[in-house]
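Notes follow once the structure below has been shown.
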Amino acid sequence: EATLAQQVEVLGDTHPDTLATRNNLASAYQTAGDLGRAIPLLEATLAQRVEVLGDTHPNTLTSRHNLASAYQTAGDLGRAIPLMEATLAQRVEVLGDTHPNTLTSRNNLAYAYYTAGDLDRAIPLLEATLAQQVEVLGDTHPDTLTSRNNLAYAREAAASVRQPR
């Protein structure tokens with residue numbers, strides 16, 4: 001908070017470094033469980049990054065991704081999923097299909113589908129993401145392991161839905 005205040009004073013409210021600090025502060029709020037402070041700050045940071053850096057700048061995409069994640073954490077899948085879909089499409093276009101940030105967006109979107117109970121969309125996306133992560137990041141990379149775990153949960157949920165009661 002102090003760093004942000006100093007950056008605003010020295011660099012200005014929309015300097016890219018100020019925006020990065022604002023994004024980091026919002027992420028810290030989210031990690032601390034303070035979504036009431038995190039989400040408005042993430043929304044403001046995204047709007048400013050769009051204005052200053054453009055809609056598809058990698059830092060803008062990071063802000064969009066972080067905001068979608070905060071919406072998901074808050075249980076607002078109605079806002080999280082469309083934002084995740086848009087972020088993924090932009091990351092594919094700007095960074096490429098197998099960039100690590102693109103893979104993270106793809107995994108998070110698939111997990112959001114799983115959370116929403118849409119296993120028909122979650123499982124194929126998790127399978128594709130896992131295959132790409134193994135190829136790009138390696139079999140034991142932490143992101144690969146997260147995707148493998150998410151896929152296992154989704155498959156387990158799908159199996160329990162198919163079992164007769």
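Lettering and numbering for the structure tokens are positional, with chains as A, B, ... in the shown order, residues counted from 1 in each chain, and ligands counted from 1 in the shown order.
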Problem set entry | Residues near region 65-78 of chain A, cut-off 8 Å, only C-alpha atoms, skip fewer than 3 positions along chain, as a count of residues only | 19
For this session: Write out as a ChimeraX atom specification which residues come within 10 Å of region 11-21 of chain A when counting only C-alpha atoms, dropping same-chain ones fewer than 4 positions away.
Result: /A:1,3-7,25-27,42,44-46,48-49,51-53,59-60,62-63
Exercise. Given the choices A:Ala86, A:Val92, A:Leu103, A:Val8, which gets closest to Gln132 (chain A) if the distance is worked out from only C-alpha atoms?
Worked result: A:Leu103
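In terms of minimum interatomic distance to Leu137 (chain A), A:Pro100 ranks closest within A:Leu41, A:Ala80, A:Pro100, A:Pro58, counting only C-alpha atoms.
Checking A:Leu126, A:Leu95, A:Val161, A:Ala2 one by one against Arg148 (chain A), counting only C-alpha atoms, you find the shortest gap at A:Leu126.
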Asp118 (chain A) environment, 12 Å, only C-alpha atoms, sequence neighbours closer than 4 positions dropped, as a tab-separated table (two decimals) with all heavy atoms, in the first residue's frame:
chain	number	residue	atom	x	y	z
A	77	LEU	N	-19.30	-17.11	-11.14
A	77	LEU	CA	-18.93	-17.76	-12.39
A	77	LEU	C	-19.58	-17.10	-13.60
A	77	LEU	O	-19.06	-17.18	-14.71
A	77	LEU	CB	-19.28	-19.24	-12.35
A	77	LEU	CG	-18.50	-20.05	-11.31
A	77	LEU	CD1	-19.00	-21.49	-11.26
A	77	LEU	CD2	-17.01	-20.00	-11.58
A	81	ILE	N	-16.43	-16.79	-16.08
A	81	ILE	CA	-16.25	-17.63	-17.27
A	81	ILE	C	-16.17	-16.81	-18.56
A	81	ILE	O	-15.23	-17.01	-19.35
A	81	ILE	CB	-17.33	-18.73	-17.34
A	81	ILE	CG1	-17.03	-19.77	-16.24
A	81	ILE	CG2	-17.38	-19.38	-18.71
A	81	ILE	CD1	-18.07	-20.85	-16.08
A	109	LEU	N	-9.78	-21.77	-17.14
A	109	LEU	CA	-11.10	-21.79	-17.77
A	109	LEU	C	-11.72	-23.19	-17.63
A	109	LEU	O	-12.90	-23.33	-17.27
A	109	LEU	CB	-11.02	-21.39	-19.24
A	109	LEU	CG	-12.31	-21.52	-20.04
A	109	LEU	CD1	-13.43	-20.65	-19.45
A	109	LEU	CD2	-12.06	-21.16	-21.50
A	110	ALA	N	-10.93	-24.20	-17.90
A	110	ALA	CA	-11.45	-25.57	-17.77
A	110	ALA	C	-11.89	-25.85	-16.33
A	110	ALA	O	-12.93	-26.47	-16.11
A	110	ALA	CB	-10.37	-26.57	-18.20
A	111	TYR	N	-11.11	-25.37	-15.37
A	111	TYR	CA	-11.49	-25.57	-13.97
A	111	TYR	C	-12.76	-24.79	-13.63
A	111	TYR	O	-13.60	-25.27	-12.85
A	111	TYR	CB	-10.35	-25.19	-13.04
A	111	TYR	CG	-10.60	-25.63	-11.62
A	111	TYR	CD1	-10.51	-26.97	-11.26
A	111	TYR	CD2	-10.98	-24.72	-10.65
A	111	TYR	CE1	-10.77	-27.39	-9.97
A	111	TYR	CE2	-11.25	-25.14	-9.35
A	111	TYR	CZ	-11.14	-26.47	-9.02
A	111	TYR	OH	-11.42	-26.88	-7.73
A	112	ALA	N	-12.93	-23.64	-14.22
A	112	ALA	CA	-14.17	-22.87	-14.02
A	112	ALA	C	-15.36	-23.63	-14.60
A	112	ALA	O	-16.43	-23.67	-13.98
A	112	ALA	CB	-14.06	-21.48	-14.63
A	113	TYR	N	-15.18	-24.24	-15.76
A	113	TYR	CA	-16.25	-25.07	-16.32
A	113	TYR	C	-16.58	-26.21	-15.36
A	113	TYR	O	-17.75	-26.52	-15.12
A	113	TYR	CB	-15.84	-25.66	-17.67
A	113	TYR	CG	-15.77	-24.71	-18.83
A	113	TYR	CD1	-14.91	-24.98	-19.90
A	113	TYR	CD2	-16.54	-23.55	-18.90
A	113	TYR	CE1	-14.84	-24.13	-21.00
A	113	TYR	CE2	-16.47	-22.70	-19.99
A	113	TYR	CZ	-15.61	-22.99	-21.03
A	113	TYR	OH	-15.54	-22.16	-22.12
A	114	TYR	N	-15.52	-26.85	-14.82
A	114	TYR	CA	-15.72	-27.93	-13.86
A	114	TYR	C	-16.50	-27.43	-12.64
A	114	TYR	O	-17.46	-28.06	-12.21
A	114	TYR	CB	-14.35	-28.50	-13.44
A	114	TYR	CG	-14.39	-29.30	-12.16
A	114	TYR	CD1	-14.88	-30.61	-12.15
A	114	TYR	CD2	-13.94	-28.76	-10.96
A	114	TYR	CE1	-14.92	-31.34	-10.97
A	114	TYR	CE2	-13.97	-29.49	-9.79
A	114	TYR	CZ	-14.47	-30.77	-9.80
A	114	TYR	OH	-14.50	-31.50	-8.63
A	122	ALA	N	-15.37	-29.05	-19.63
A	122	ALA	CA	-14.18	-29.06	-18.78
A	122	ALA	C	-13.20	-30.16	-19.15
A	122	ALA	O	-12.00	-29.91	-19.30
A	122	ALA	CB	-14.59	-29.20	-17.31
A	123	ILE	N	-13.68	-31.38	-19.28
A	123	ILE	CA	-12.79	-32.52	-19.46
A	123	ILE	C	-11.98	-32.44	-20.75
A	123	ILE	O	-10.75	-32.57	-20.70
A	123	ILE	CB	-13.55	-33.85	-19.31
A	123	ILE	CG1	-13.98	-34.02	-17.84
A	123	ILE	CG2	-12.70	-35.04	-19.77
A	123	ILE	CD1	-14.87	-35.20	-17.56
A	124	PRO	N	-12.59	-32.20	-21.91
A	124	PRO	CA	-11.75	-32.11	-23.12
A	124	PRO	C	-10.73	-30.97	-23.06
A	124	PRO	O	-9.61	-31.11	-23.53
A	124	PRO	CB	-12.77	-31.87	-24.25
A	124	PRO	CG	-14.07	-32.31	-23.71
A	124	PRO	CD	-14.01	-32.11	-22.23
A	125	LEU	N	-11.13	-29.86	-22.45
A	125	LEU	CA	-10.21	-28.73	-22.33
A	125	LEU	C	-9.07	-29.06	-21.37
A	125	LEU	O	-7.90	-28.72	-21.62
A	125	LEU	CB	-10.96	-27.47	-21.90
A	125	LEU	CG	-10.21	-26.15	-22.01
A	125	LEU	CD1	-9.67	-25.91	-23.41
A	125	LEU	CD2	-11.13	-25.01	-21.60
A	154	ALA	N	-12.19	-33.80	-12.34
A	154	ALA	CA	-13.28	-33.70	-13.31
A	154	ALA	C	-13.73	-35.09	-13.77
A	154	ALA	O	-14.93	-35.35	-13.90
A	154	ALA	CB	-12.85	-32.85	-14.51
A	155	ARG	N	-12.77	-35.97	-14.01
A	155	ARG	CA	-13.13	-37.34	-14.42
A	155	ARG	C	-13.86	-38.07	-13.29
A	155	ARG	O	-14.81	-38.81	-13.54
A	155	ARG	CB	-11.88	-38.11	-14.84
A	155	ARG	CG	-11.36	-37.69	-16.21
A	155	ARG	CD	-10.14	-38.48	-16.59
A	155	ARG	NE	-9.71	-38.19	-17.95
A	155	ARG	CZ	-8.51	-38.48	-18.42
A	155	ARG	NH1	-7.63	-39.12	-17.65
A	155	ARG	NH2	-8.19	-38.17	-19.66
A	157	ALA	N	-15.72	-36.67	-11.02
A	157	ALA	CA	-17.08	-36.09	-10.98
A	157	ALA	C	-17.94	-36.66	-12.10
A	157	ALA	O	-19.12	-36.97	-11.89
A	157	ALA	CB	-17.00	-34.57	-11.08
A	158	ALA	N	-17.36	-36.81	-13.28
A	158	ALA	CA	-18.12	-37.36	-14.40
A	158	ALA	C	-18.50	-38.81	-14.14
A	158	ALA	O	-19.62	-39.23	-14.46
A	158	ALA	CB	-17.30	-37.25	-15.69
A	161	VAL	N	-21.43	-38.99	-11.75
A	161	VAL	CA	-22.68	-38.58	-12.39
A	161	VAL	C	-23.27	-39.72	-13.20
A	161	VAL	O	-24.47	-39.92	-13.24
A	161	VAL	CB	-22.45	-37.33	-13.29
A	161	VAL	CG1	-23.66	-37.06	-14.18
A	161	VAL	CG2	-22.13	-36.13	-12.44
